[in-house]
$ cat coords33.csv   # CSV, N, CA and C atoms
chain,number,residue,atom,x,y,z
A,1,MET,N,26.7,28.6,-20.7
A,1,MET,CA,26.8,29.8,-19.9
A,1,MET,C,26.8,29.4,-18.4
A,2,ALA,N,27.6,30.0,-17.6
A,2,ALA,CA,27.7,29.7,-16.2
A,2,ALA,C,26.6,30.5,-15.5
A,3,GLN,N,26.2,29.9,-14.4
A,3,GLN,CA,25.1,30.6,-13.6
A,3,GLN,C,25.7,31.8,-12.9
A,4,LEU,N,24.9,32.9,-13.0
A,4,LEU,CA,25.3,34.1,-12.3
A,4,LEU,C,25.0,34.1,-10.9
A,5,PRO,N,25.9,34.5,-10.0
A,5,PRO,CA,25.6,34.5,-8.6
A,5,PRO,C,24.6,35.6,-8.3
A,6,LEU,N,23.7,35.3,-7.4
A,6,LEU,CA,22.7,36.3,-7.0
A,6,LEU,C,22.4,36.0,-5.5
A,7,GLU,N,22.8,37.0,-4.7
A,7,GLU,CA,22.5,36.9,-3.3
A,7,GLU,C,21.1,37.3,-3.0
A,8,LEU,N,20.3,36.3,-2.6
A,8,LEU,CA,18.9,36.6,-2.2
A,8,LEU,C,18.6,36.0,-0.9
A,9,ALA,N,18.3,36.8,0.0
A,9,ALA,CA,17.9,36.3,1.4
A,9,ALA,C,16.4,36.1,1.5
A,10,LEU,N,16.1,35.0,2.2
A,10,LEU,CA,14.7,34.7,2.5
A,10,LEU,C,14.3,35.6,3.6
A,11,ALA,N,13.0,36.0,3.6
A,11,ALA,CA,12.5,36.7,4.7
A,11,ALA,C,12.5,35.9,6.0
A,12,ASP,N,12.9,36.5,7.1
A,12,ASP,CA,13.1,35.8,8.4
A,12,ASP,C,11.8,35.1,8.8
A,13,HIS,N,10.7,35.7,8.6
A,13,HIS,CA,9.4,35.1,9.0
A,13,HIS,C,8.8,34.1,8.1
A,14,ALA,N,9.4,33.9,6.9
A,14,ALA,CA,8.8,33.0,5.9
A,14,ALA,C,9.1,31.5,6.3
A,15,SER,N,8.1,30.9,6.9
A,15,SER,CA,8.2,29.4,7.2
A,15,SER,C,6.8,28.8,7.1
A,16,PHE,N,6.8,27.5,7.0
A,16,PHE,CA,5.5,26.9,7.0
A,16,PHE,C,4.8,27.1,8.4
A,17,ASP,N,5.5,27.2,9.4
A,17,ASP,CA,4.9,27.4,10.8
A,17,ASP,C,4.2,28.7,10.9
A,18,THR,N,4.7,29.7,10.2
A,18,THR,CA,4.1,31.1,10.3
A,18,THR,C,3.1,31.4,9.1
A,19,PHE,N,2.9,30.4,8.3
A,19,PHE,CA,2.0,30.6,7.1
A,19,PHE,C,0.5,30.4,7.6
A,20,VAL,N,-0.4,31.3,7.3
A,20,VAL,CA,-1.8,31.2,7.7
A,20,VAL,C,-2.4,30.4,6.5
A,21,VAL,N,-2.8,29.2,6.8
A,21,VAL,CA,-3.3,28.3,5.7
A,21,VAL,C,-4.6,28.7,5.2
A,22,GLY,N,-5.6,29.0,6.0
A,22,GLY,CA,-6.9,29.3,5.5
A,22,GLY,C,-7.5,28.2,4.7
A,23,GLY,N,-8.1,28.5,3.6
A,23,GLY,CA,-8.7,27.5,2.7
A,23,GLY,C,-7.8,26.9,1.7
A,24,ASN,N,-6.5,27.1,1.9
A,24,ASN,CA,-5.5,26.6,1.0
A,24,ASN,C,-4.7,25.4,1.5
A,25,ALA,N,-5.3,24.6,2.3
A,25,ALA,CA,-4.6,23.5,3.0
A,25,ALA,C,-4.0,22.5,1.9
A,26,ALA,N,-4.7,22.2,0.9
A,26,ALA,CA,-4.2,21.2,-0.1
A,26,ALA,C,-3.0,21.8,-0.8
A,27,ALA,N,-3.1,23.0,-1.2
A,27,ALA,CA,-1.9,23.6,-1.9
A,27,ALA,C,-0.7,23.7,-1.0
A,28,VAL,N,-0.9,24.1,0.3
A,28,VAL,CA,0.2,24.2,1.2
A,28,VAL,C,0.8,22.8,1.4
A,29,GLU,N,0.0,21.8,1.6
A,29,GLU,CA,0.6,20.5,1.8
A,29,GLU,C,1.4,20.0,0.6
A,30,HIS,N,0.9,20.3,-0.6
A,30,HIS,CA,1.6,19.9,-1.8
A,30,HIS,C,3.0,20.6,-1.9
A,31,VAL,N,3.0,21.9,-1.6
A,31,VAL,CA,4.2,22.7,-1.6
A,31,VAL,C,5.2,22.1,-0.5
A,32,ARG,N,4.6,21.8,0.6
A,32,ARG,CA,5.4,21.2,1.7
A,32,ARG,C,6.1,19.9,1.3
A,33,HIS,N,5.3,19.1,0.6
A,33,HIS,CA,5.8,17.8,0.0
A,33,HIS,C,7.0,18.1,-0.9
A,34,LEU,N,6.8,19.1,-1.8
A,34,LEU,CA,7.9,19.4,-2.7
A,34,LEU,C,9.2,19.8,-2.0
A,35,ALA,N,9.0,20.6,-1.0
A,35,ALA,CA,10.1,21.1,-0.2
A,35,ALA,C,10.9,19.9,0.4
A,36,HIS,N,10.2,18.8,0.7
A,36,HIS,CA,10.9,17.7,1.4
A,36,HIS,C,11.2,16.6,0.5
A,37,GLY,N,11.3,16.8,-0.8
A,37,GLY,CA,11.8,15.8,-1.8
A,37,GLY,C,10.9,15.5,-2.9
A,38,GLY,N,9.7,16.0,-2.9
A,38,GLY,CA,8.8,15.7,-4.1
A,38,GLY,C,9.3,16.4,-5.3
A,39,ALA,N,8.8,15.8,-6.5
A,39,ALA,CA,9.2,16.4,-7.8
A,39,ALA,C,7.9,16.7,-8.5
A,40,ASP,N,7.7,17.9,-8.9
A,40,ASP,CA,6.5,18.4,-9.6
A,40,ASP,C,6.7,19.8,-10.0
A,41,THR,N,5.8,20.3,-10.8
A,41,THR,CA,5.8,21.7,-11.2
A,41,THR,C,4.4,22.2,-10.7
A,42,VAL,N,4.5,23.3,-9.9
A,42,VAL,CA,3.3,23.9,-9.3
A,42,VAL,C,3.2,25.4,-9.6
A,43,TRP,N,2.1,25.8,-10.1
A,43,TRP,CA,1.8,27.2,-10.4
A,43,TRP,C,0.8,27.7,-9.3
A,44,LEU,N,1.3,28.7,-8.6
A,44,LEU,CA,0.4,29.4,-7.6
A,44,LEU,C,0.0,30.7,-8.1
A,45,TRP,N,-1.3,31.0,-8.1
A,45,TRP,CA,-1.9,32.2,-8.7
A,45,TRP,C,-2.9,32.8,-7.7
A,46,GLY,N,-2.8,34.0,-7.4
A,46,GLY,CA,-3.7,34.6,-6.5
A,46,GLY,C,-3.5,36.1,-6.4
A,47,ALA,N,-4.4,36.7,-5.6
A,47,ALA,CA,-4.4,38.2,-5.4
A,47,ALA,C,-3.1,38.6,-4.6
A,48,ALA,N,-2.7,39.8,-4.8
A,48,ALA,CA,-1.6,40.4,-4.0
A,48,ALA,C,-1.9,40.2,-2.5
A,49,GLY,N,-1.0,39.8,-1.7
A,49,GLY,CA,-1.2,39.6,-0.3
A,49,GLY,C,-1.7,38.3,0.1
A,50,ALA,N,-1.9,37.4,-0.8
A,50,ALA,CA,-2.5,36.1,-0.5
A,50,ALA,C,-1.4,35.1,0.1
A,51,GLY,N,-0.2,35.5,0.1
A,51,GLY,CA,0.9,34.7,0.7
A,51,GLY,C,1.7,33.8,-0.2
A,52,LYS,N,1.6,34.1,-1.5
A,52,LYS,CA,2.4,33.3,-2.5
A,52,LYS,C,3.9,33.4,-2.2
A,53,SER,N,4.4,34.6,-2.0
A,53,SER,CA,5.8,34.8,-1.8
A,53,SER,C,6.3,34.1,-0.5
A,54,HIS,N,5.5,34.3,0.6
A,54,HIS,CA,5.7,33.6,1.8
A,54,HIS,C,5.8,32.1,1.7
A,55,LEU,N,4.9,31.5,0.9
A,55,LEU,CA,4.9,30.1,0.7
A,55,LEU,C,6.1,29.6,-0.1
A,56,LEU,N,6.5,30.4,-1.1
A,56,LEU,CA,7.7,30.0,-1.9
A,56,LEU,C,8.9,30.1,-1.1
A,57,GLN,N,9.0,31.1,-0.3
A,57,GLN,CA,10.2,31.3,0.6
A,57,GLN,C,10.2,30.2,1.7
A,58,ALA,N,9.1,29.9,2.2
A,58,ALA,CA,9.0,28.8,3.2
A,58,ALA,C,9.4,27.5,2.6
A,59,ALA,N,9.0,27.2,1.4
A,59,ALA,CA,9.4,26.0,0.7
A,59,ALA,C,11.0,25.9,0.6
A,60,CYS,N,11.5,27.0,0.2
A,60,CYS,CA,13.0,27.1,0.0
A,60,CYS,C,13.7,26.9,1.3
A,61,ARG,N,13.2,27.5,2.4
A,61,ARG,CA,13.8,27.4,3.7
A,61,ARG,C,13.7,25.9,4.2
A,62,ALA,N,12.5,25.3,4.0
A,62,ALA,CA,12.4,23.9,4.4
A,62,ALA,C,13.2,23.0,3.6
A,63,ALA,N,13.3,23.2,2.3
A,63,ALA,CA,14.2,22.4,1.5
A,63,ALA,C,15.6,22.5,1.9
A,64,ALA,N,16.1,23.7,2.2
A,64,ALA,CA,17.5,23.9,2.6
A,64,ALA,C,17.7,23.2,3.9
A,65,GLU,N,16.8,23.3,4.9
A,65,GLU,CA,16.9,22.7,6.2
A,65,GLU,C,16.9,21.1,6.0
A,66,ALA,N,16.3,20.6,5.0
A,66,ALA,CA,16.3,19.2,4.7
A,66,ALA,C,17.5,18.7,3.9
A,67,GLY,N,18.5,19.6,3.6
A,67,GLY,CA,19.7,19.3,2.9
A,67,GLY,C,19.5,19.4,1.4
A,68,ARG,N,18.4,19.9,0.9
A,68,ARG,CA,18.2,20.0,-0.5
A,68,ARG,C,18.7,21.4,-1.0
A,69,ARG,N,19.1,21.5,-2.2
A,69,ARG,CA,19.5,22.7,-2.8
A,69,ARG,C,18.3,23.5,-3.3
A,70,ALA,N,18.1,24.7,-2.8
A,70,ALA,CA,16.9,25.5,-3.2
A,70,ALA,C,17.3,26.9,-3.6
A,71,MET,N,16.5,27.5,-4.5
A,71,MET,CA,16.8,28.8,-4.9
A,71,MET,C,15.5,29.6,-5.1
A,72,TYR,N,15.4,30.7,-4.5
A,72,TYR,CA,14.3,31.6,-4.6
A,72,TYR,C,14.7,32.8,-5.5
A,73,VAL,N,13.9,33.0,-6.6
A,73,VAL,CA,14.1,34.1,-7.6
A,73,VAL,C,12.9,34.9,-7.7
A,74,PRO,N,13.0,36.1,-7.1
A,74,PRO,CA,11.9,37.1,-7.3
A,74,PRO,C,12.1,37.9,-8.6
A,75,LEU,N,11.1,37.9,-9.4
A,75,LEU,CA,11.2,38.6,-10.7
A,75,LEU,C,10.7,40.0,-10.5
A,76,PRO,N,11.2,41.0,-11.3
A,76,PRO,CA,12.3,40.7,-12.3
A,76,PRO,C,13.7,40.8,-11.6
A,77,ALA,N,14.4,39.7,-11.7
A,77,ALA,CA,15.7,39.6,-11.1
A,77,ALA,C,16.7,40.3,-12.1
A,78,ALA,N,17.9,40.3,-11.9
A,78,ALA,CA,18.9,41.0,-12.7
A,78,ALA,C,18.8,40.8,-14.2
A,79,SER,N,18.7,39.5,-14.5
A,79,SER,CA,18.7,39.1,-15.9
A,79,SER,C,18.1,37.7,-16.1
A,80,PRO,N,17.5,37.4,-17.2
A,80,PRO,CA,17.0,36.1,-17.5
A,80,PRO,C,18.1,35.0,-17.3
A,81,ALA,N,19.4,35.4,-17.5
A,81,ALA,CA,20.5,34.5,-17.4
A,81,ALA,C,20.6,33.8,-16.0
A,82,ILE,N,19.9,34.4,-15.0
A,82,ILE,CA,19.9,33.8,-13.6
A,82,ILE,C,19.2,32.4,-13.7
A,83,LEU,N,18.4,32.2,-14.7
A,83,LEU,CA,17.7,30.9,-14.7
A,83,LEU,C,18.5,29.8,-15.5
A,84,ALA,N,19.7,30.2,-16.0
A,84,ALA,CA,20.5,29.3,-16.8
A,84,ALA,C,21.3,28.3,-15.9
A,85,ASP,N,21.5,27.1,-16.4
A,85,ASP,CA,22.4,26.1,-15.7
A,85,ASP,C,21.9,25.8,-14.3
A,86,LEU,N,20.7,25.5,-14.1
A,86,LEU,CA,20.2,25.2,-12.7
A,86,LEU,C,20.0,23.8,-12.5
A,87,GLU,N,20.7,22.9,-13.2
A,87,GLU,CA,20.5,21.5,-13.0
A,87,GLU,C,20.8,21.0,-11.6
A,88,HIS,N,21.6,21.7,-10.9
A,88,HIS,CA,22.0,21.3,-9.5
A,88,HIS,C,21.0,21.8,-8.5
A,89,VAL,N,19.9,22.5,-8.8
A,89,VAL,CA,19.0,23.0,-7.9
A,89,VAL,C,17.8,22.0,-7.8
A,90,ASP,N,17.6,21.5,-6.5
A,90,ASP,CA,16.5,20.6,-6.3
A,90,ASP,C,15.1,21.2,-6.3
A,91,LEU,N,15.0,22.4,-5.8
A,91,LEU,CA,13.8,23.2,-5.7
A,91,LEU,C,14.0,24.6,-6.2
A,92,LEU,N,13.4,25.0,-7.3
A,92,LEU,CA,13.5,26.3,-7.8
A,92,LEU,C,12.1,27.0,-7.6
A,93,ALA,N,12.2,28.2,-6.9
A,93,ALA,CA,10.9,28.9,-6.7
A,93,ALA,C,11.1,30.3,-7.4
A,94,VAL,N,10.2,30.5,-8.4
A,94,VAL,CA,10.2,31.7,-9.2
A,94,VAL,C,9.0,32.5,-8.9
A,95,ASP,N,9.2,33.7,-8.3
A,95,ASP,CA,8.1,34.5,-7.8
A,95,ASP,C,7.8,35.7,-8.7
A,96,ASP,N,6.6,36.2,-8.7
A,96,ASP,CA,6.2,37.4,-9.5
A,96,ASP,C,6.4,37.2,-11.0
A,97,VAL,N,6.0,36.1,-11.5
A,97,VAL,CA,6.2,35.8,-12.9
A,97,VAL,C,5.4,36.8,-13.8
A,98,HIS,N,4.3,37.3,-13.3
A,98,HIS,CA,3.5,38.3,-14.0
A,98,HIS,C,4.4,39.6,-14.3
A,99,ALA,N,5.4,39.8,-13.5
A,99,ALA,CA,6.2,41.0,-13.7
A,99,ALA,C,7.0,41.0,-15.0
A,100,VAL,N,7.2,39.9,-15.6
A,100,VAL,CA,8.0,39.8,-16.8
A,100,VAL,C,7.2,39.4,-18.0
A,101,ALA,N,5.9,39.4,-17.9
A,101,ALA,CA,5.0,39.1,-19.0
A,101,ALA,C,5.2,40.1,-20.1
A,102,GLY,N,5.4,39.5,-21.3
A,102,GLY,CA,5.7,40.4,-22.5
A,102,GLY,C,7.1,40.7,-22.8
A,103,ASP,N,8.0,40.3,-21.9
A,103,ASP,CA,9.5,40.4,-22.0
A,103,ASP,C,10.0,39.2,-22.7
A,104,LEU,N,10.4,39.2,-23.9
A,104,LEU,CA,10.7,38.1,-24.7
A,104,LEU,C,11.9,37.3,-24.0
A,105,GLY,N,12.9,38.0,-23.6
A,105,GLY,CA,14.1,37.3,-22.9
A,105,GLY,C,13.6,36.5,-21.7
A,106,TRP,N,12.8,37.1,-20.9
A,106,TRP,CA,12.3,36.4,-19.7
A,106,TRP,C,11.4,35.2,-20.1
A,107,GLU,N,10.5,35.5,-21.1
A,107,GLU,CA,9.6,34.4,-21.5
A,107,GLU,C,10.3,33.2,-22.0
A,108,GLN,N,11.4,33.5,-22.8
A,108,GLN,CA,12.2,32.4,-23.3
A,108,GLN,C,12.9,31.6,-22.2
A,109,ALA,N,13.5,32.4,-21.3
A,109,ALA,CA,14.2,31.7,-20.1
A,109,ALA,C,13.2,30.9,-19.3
A,110,LEU,N,12.0,31.4,-19.1
A,110,LEU,CA,11.0,30.6,-18.3
A,110,LEU,C,10.6,29.4,-19.0
A,111,PHE,N,10.5,29.5,-20.4
A,111,PHE,CA,10.1,28.3,-21.2
A,111,PHE,C,11.1,27.3,-21.1
A,112,VAL,N,12.4,27.7,-21.2
A,112,VAL,CA,13.5,26.7,-21.1
A,112,VAL,C,13.5,26.0,-19.8
A,113,ILE,N,13.4,26.8,-18.7
A,113,ILE,CA,13.5,26.2,-17.3
A,113,ILE,C,12.3,25.3,-17.1
A,114,LEU,N,11.1,25.7,-17.5
A,114,LEU,CA,9.9,24.9,-17.4
A,114,LEU,C,10.1,23.5,-18.0
A,115,ASN,N,10.6,23.5,-19.3
A,115,ASN,CA,10.9,22.3,-20.0
A,115,ASN,C,11.9,21.4,-19.3
A,116,ALA,N,13.0,22.1,-18.8
A,116,ALA,CA,14.0,21.4,-18.1
A,116,ALA,C,13.5,20.7,-16.9
A,117,TYR,N,12.7,21.3,-16.1
A,117,TYR,CA,12.2,20.7,-14.9
A,117,TYR,C,11.1,19.7,-15.1
A,118,LEU,N,10.4,19.8,-16.2
A,118,LEU,CA,9.4,18.8,-16.6
A,118,LEU,C,10.1,17.5,-16.9
A,119,GLY,N,11.4,17.6,-17.4
A,119,GLY,CA,12.1,16.4,-17.8
A,119,GLY,C,13.0,15.8,-16.8
A,120,ARG,N,12.9,16.3,-15.5
A,120,ARG,CA,13.8,15.8,-14.5
A,120,ARG,C,13.1,15.7,-13.2
A,121,SER,N,13.8,15.2,-12.2
A,121,SER,CA,13.1,15.0,-10.9
A,121,SER,C,13.4,16.1,-9.9
A,122,GLY,N,13.1,17.3,-10.3
A,122,GLY,CA,13.2,18.5,-9.4
A,122,GLY,C,11.9,19.1,-9.2
A,123,ALA,N,11.8,20.0,-8.3
A,123,ALA,CA,10.6,20.7,-8.0
A,123,ALA,C,10.7,22.2,-8.5
A,124,LEU,N,9.7,22.6,-9.2
A,124,LEU,CA,9.6,24.0,-9.7
A,124,LEU,C,8.3,24.6,-9.2
A,125,LEU,N,8.5,25.7,-8.5
A,125,LEU,CA,7.3,26.5,-8.0
A,125,LEU,C,7.3,27.8,-8.7
A,126,LEU,N,6.2,28.1,-9.3
A,126,LEU,CA,6.0,29.4,-10.0
A,126,LEU,C,4.8,30.1,-9.3
A,127,ALA,N,5.0,31.4,-9.2
A,127,ALA,CA,3.9,32.2,-8.6
A,127,ALA,C,3.7,33.5,-9.3
A,128,ALA,N,2.4,33.9,-9.4
A,128,ALA,CA,2.0,35.2,-10.1
A,128,ALA,C,0.8,35.7,-9.5
A,129,ALA,N,0.7,37.1,-9.6
A,129,ALA,CA,-0.5,37.7,-9.1
A,129,ALA,C,-1.7,37.5,-10.1
A,130,ALA,N,-2.9,37.6,-9.6
A,130,ALA,CA,-4.1,37.4,-10.4
A,130,ALA,C,-4.3,38.6,-11.3

$ encode --input "coords33.csv" --output "structure tokens"
Amino acid sequence: MAQLPLELALADHASFDTFVVGGNAAAVEHVRHLAHGGADTVWLWGAAGAGKSHLLQAACRAAAEAGRRAMYVPLPAASPAILADLEHVDLLAVDDVHAVAGDLGWEQALFVILNAYLGRSGALLLAAAA
């Protein structure tokens, strides 16, 4: 199945420079490392307004500025098919995962993408509300 095009703009203010780190310095540094070439899977979990979306978008912006292929997917996006065929993406950021809990199609798509990224040298960022 071919990847479906999805035009998603990053928030203009979303960058590492504008992120208020607070007590999350270790998490922010790890995400920054992923944006600049690291490979890992990171799950960010916290209350609404904690800055998870900002951090995911900042990572995508930094990755793109570093010449990496990055994709930000806020859920629920158009269809679980948006997560298909993403081998070319160096950094995939999937936001609001809690919004698709209990949706079998989305859960299967997330399972497949998680396993795909665990087996390759890409960065997968997942975020959900507490």

$ residues_around --input "coords33.csv" --residues "segment 115-124 of chain A" --least-positions-apart "3" --cutoff "7 Å" --atoms "only N, CA and C atoms" --output "ChimeraX atom specification"
/A:34,38-43,89-94,110-112

$ atom_distance --input "coords33.csv" --atom1 "atom N of His33 of chain A" --atom2 "atom C of Ala59 of chain A"
8.9 Å

$ residues_around --input "coords33.csv" --residues "Ala128 of chain A" --least-positions-apart "2" --cutoff "6.5 Å" --atoms "all atoms listed in the file" --output "JSON, numbers by chain"
{"A": [43, 44, 45, 46, 95, 96, 97, 98, 126, 130]}

$ select_by_dssp --input "coords33.csv" --residues "chain A" --states "alpha helix (DSSP H)" --output "MDAnalysis selection string"
chainID A and resid 25:35 52:65 104:118

$ atom_distance --input "coords33.csv" --atom1 "atom N of Ala129 of chain A" --atom2 "atom C of Pro74 of chain A"
11.5 Å

$ decode --input "coords33.csv" --residues "segment 56-80 of chain A" --atoms "N, CA and C atoms" --output "PDB file, in the first residue's frame"
ATOM      1  N   LEU A  56       7.388  17.071  20.439  1.00  0.00           N
ATOM      2  CA  LEU A  56       7.382  16.247  19.233  1.00  0.00           C
ATOM      3  C   LEU A  56       7.579  17.100  17.986  1.00  0.00           C
ATOM      4  N   GLN A  57       6.886  18.234  17.932  1.00  0.00           N
ATOM      5  CA  GLN A  57       7.029  19.113  16.772  1.00  0.00           C
ATOM      6  C   GLN A  57       8.426  19.742  16.719  1.00  0.00           C
ATOM      7  N   ALA A  58       8.979  20.080  17.873  1.00  0.00           N
ATOM      8  CA  ALA A  58      10.344  20.611  17.920  1.00  0.00           C
ATOM      9  C   ALA A  58      11.332  19.578  17.388  1.00  0.00           C
ATOM     10  N   ALA A  59      11.129  18.323  17.745  1.00  0.00           N
ATOM     11  CA  ALA A  59      12.008  17.254  17.260  1.00  0.00           C
ATOM     12  C   ALA A  59      11.914  17.123  15.746  1.00  0.00           C
ATOM     13  N   CYS A  60      10.706  17.179  15.213  1.00  0.00           N
ATOM     14  CA  CYS A  60      10.532  17.089  13.757  1.00  0.00           C
ATOM     15  C   CYS A  60      11.187  18.272  13.057  1.00  0.00           C
ATOM     16  N   ARG A  61      11.018  19.465  13.609  1.00  0.00           N
ATOM     17  CA  ARG A  61      11.626  20.661  13.015  1.00  0.00           C
ATOM     18  C   ARG A  61      13.157  20.533  13.033  1.00  0.00           C
ATOM     19  N   ALA A  62      13.720  20.140  14.164  1.00  0.00           N
ATOM     20  CA  ALA A  62      15.175  20.012  14.273  1.00  0.00           C
ATOM     21  C   ALA A  62      15.702  18.925  13.340  1.00  0.00           C
ATOM     22  N   ALA A  63      14.982  17.821  13.236  1.00  0.00           N
ATOM     23  CA  ALA A  63      15.399  16.740  12.341  1.00  0.00           C
ATOM     24  C   ALA A  63      15.402  17.220  10.892  1.00  0.00           C
ATOM     25  N   ALA A  64      14.351  17.913  10.493  1.00  0.00           N
ATOM     26  CA  ALA A  64      14.271  18.424   9.120  1.00  0.00           C
ATOM     27  C   ALA A  64      15.389  19.429   8.848  1.00  0.00           C
ATOM     28  N   GLU A  65      15.665  20.297   9.809  1.00  0.00           N
ATOM     29  CA  GLU A  65      16.749  21.276   9.650  1.00  0.00           C
ATOM     30  C   GLU A  65      18.110  20.601   9.548  1.00  0.00           C
ATOM     31  N   ALA A  66      18.226  19.395  10.122  1.00  0.00           N
ATOM     32  CA  ALA A  66      19.473  18.631  10.056  1.00  0.00           C
ATOM     33  C   ALA A  66      19.529  17.733   8.815  1.00  0.00           C
ATOM     34  N   GLY A  67      18.533  17.864   7.941  1.00  0.00           N
ATOM     35  CA  GLY A  67      18.521  17.082   6.711  1.00  0.00           C
ATOM     36  C   GLY A  67      17.923  15.701   6.845  1.00  0.00           C
ATOM     37  N   ARG A  68      17.269  15.436   7.959  1.00  0.00           N
ATOM     38  CA  ARG A  68      16.629  14.135   8.163  1.00  0.00           C
ATOM     39  C   ARG A  68      15.176  14.222   7.725  1.00  0.00           C
ATOM     40  N   ARG A  69      14.621  13.081   7.370  1.00  0.00           N
ATOM     41  CA  ARG A  69      13.205  13.014   6.993  1.00  0.00           C
ATOM     42  C   ARG A  69      12.392  12.791   8.256  1.00  0.00           C
ATOM     43  N   ALA A  70      11.483  13.721   8.525  1.00  0.00           N
ATOM     44  CA  ALA A  70      10.682  13.666   9.747  1.00  0.00           C
ATOM     45  C   ALA A  70       9.208  13.806   9.400  1.00  0.00           C
ATOM     46  N   MET A  71       8.372  13.182  10.224  1.00  0.00           N
ATOM     47  CA  MET A  71       6.928  13.253  10.014  1.00  0.00           C
ATOM     48  C   MET A  71       6.235  13.344  11.366  1.00  0.00           C
ATOM     49  N   TYR A  72       5.352  14.319  11.495  1.00  0.00           N
ATOM     50  CA  TYR A  72       4.546  14.518  12.703  1.00  0.00           C
ATOM     51  C   TYR A  72       3.117  14.112  12.379  1.00  0.00           C
ATOM     52  N   VAL A  73       2.572  13.171  13.159  1.00  0.00           N
ATOM     53  CA  VAL A  73       1.209  12.681  12.940  1.00  0.00           C
ATOM     54  C   VAL A  73       0.400  12.866  14.215  1.00  0.00           C
ATOM     55  N   PRO A  74      -0.489  13.871  14.245  1.00  0.00           N
ATOM     56  CA  PRO A  74      -1.385  14.018  15.395  1.00  0.00           C
ATOM     57  C   PRO A  74      -2.589  13.101  15.201  1.00  0.00           C
ATOM     58  N   LEU A  75      -2.899  12.320  16.196  1.00  0.00           N
ATOM     59  CA  LEU A  75      -4.040  11.406  16.079  1.00  0.00           C
ATOM     60  C   LEU A  75      -5.290  12.053  16.652  1.00  0.00           C
ATOM     61  N   PRO A  76      -6.460  11.656  16.217  1.00  0.00           N
ATOM     62  CA  PRO A  76      -6.647  10.701  15.119  1.00  0.00           C
ATOM     63  C   PRO A  76      -6.510  11.384  13.766  1.00  0.00           C
ATOM     64  N   ALA A  77      -5.558  10.961  12.996  1.00  0.00           N
ATOM     65  CA  ALA A  77      -5.377  11.473  11.634  1.00  0.00           C
ATOM     66  C   ALA A  77      -6.436  10.838  10.737  1.00  0.00           C
ATOM     67  N   ALA A  78      -6.365  11.095   9.474  1.00  0.00           N
ATOM     68  CA  ALA A  78      -7.388  10.658   8.532  1.00  0.00           C
ATOM     69  C   ALA A  78      -7.674   9.158   8.595  1.00  0.00           C
ATOM     70  N   SER A  79      -6.635   8.362   8.655  1.00  0.00           N
ATOM     71  CA  SER A  79      -6.802   6.916   8.576  1.00  0.00           C
ATOM     72  C   SER A  79      -5.540   6.243   9.105  1.00  0.00           C
ATOM     73  N   PRO A  80      -5.677   5.035   9.658  1.00  0.00           N
ATOM     74  CA  PRO A  80      -4.480   4.305  10.083  1.00  0.00           C
ATOM     75  C   PRO A  80      -3.499   4.062   8.933  1.00  0.00           C
TER      76      PRO A  80
END
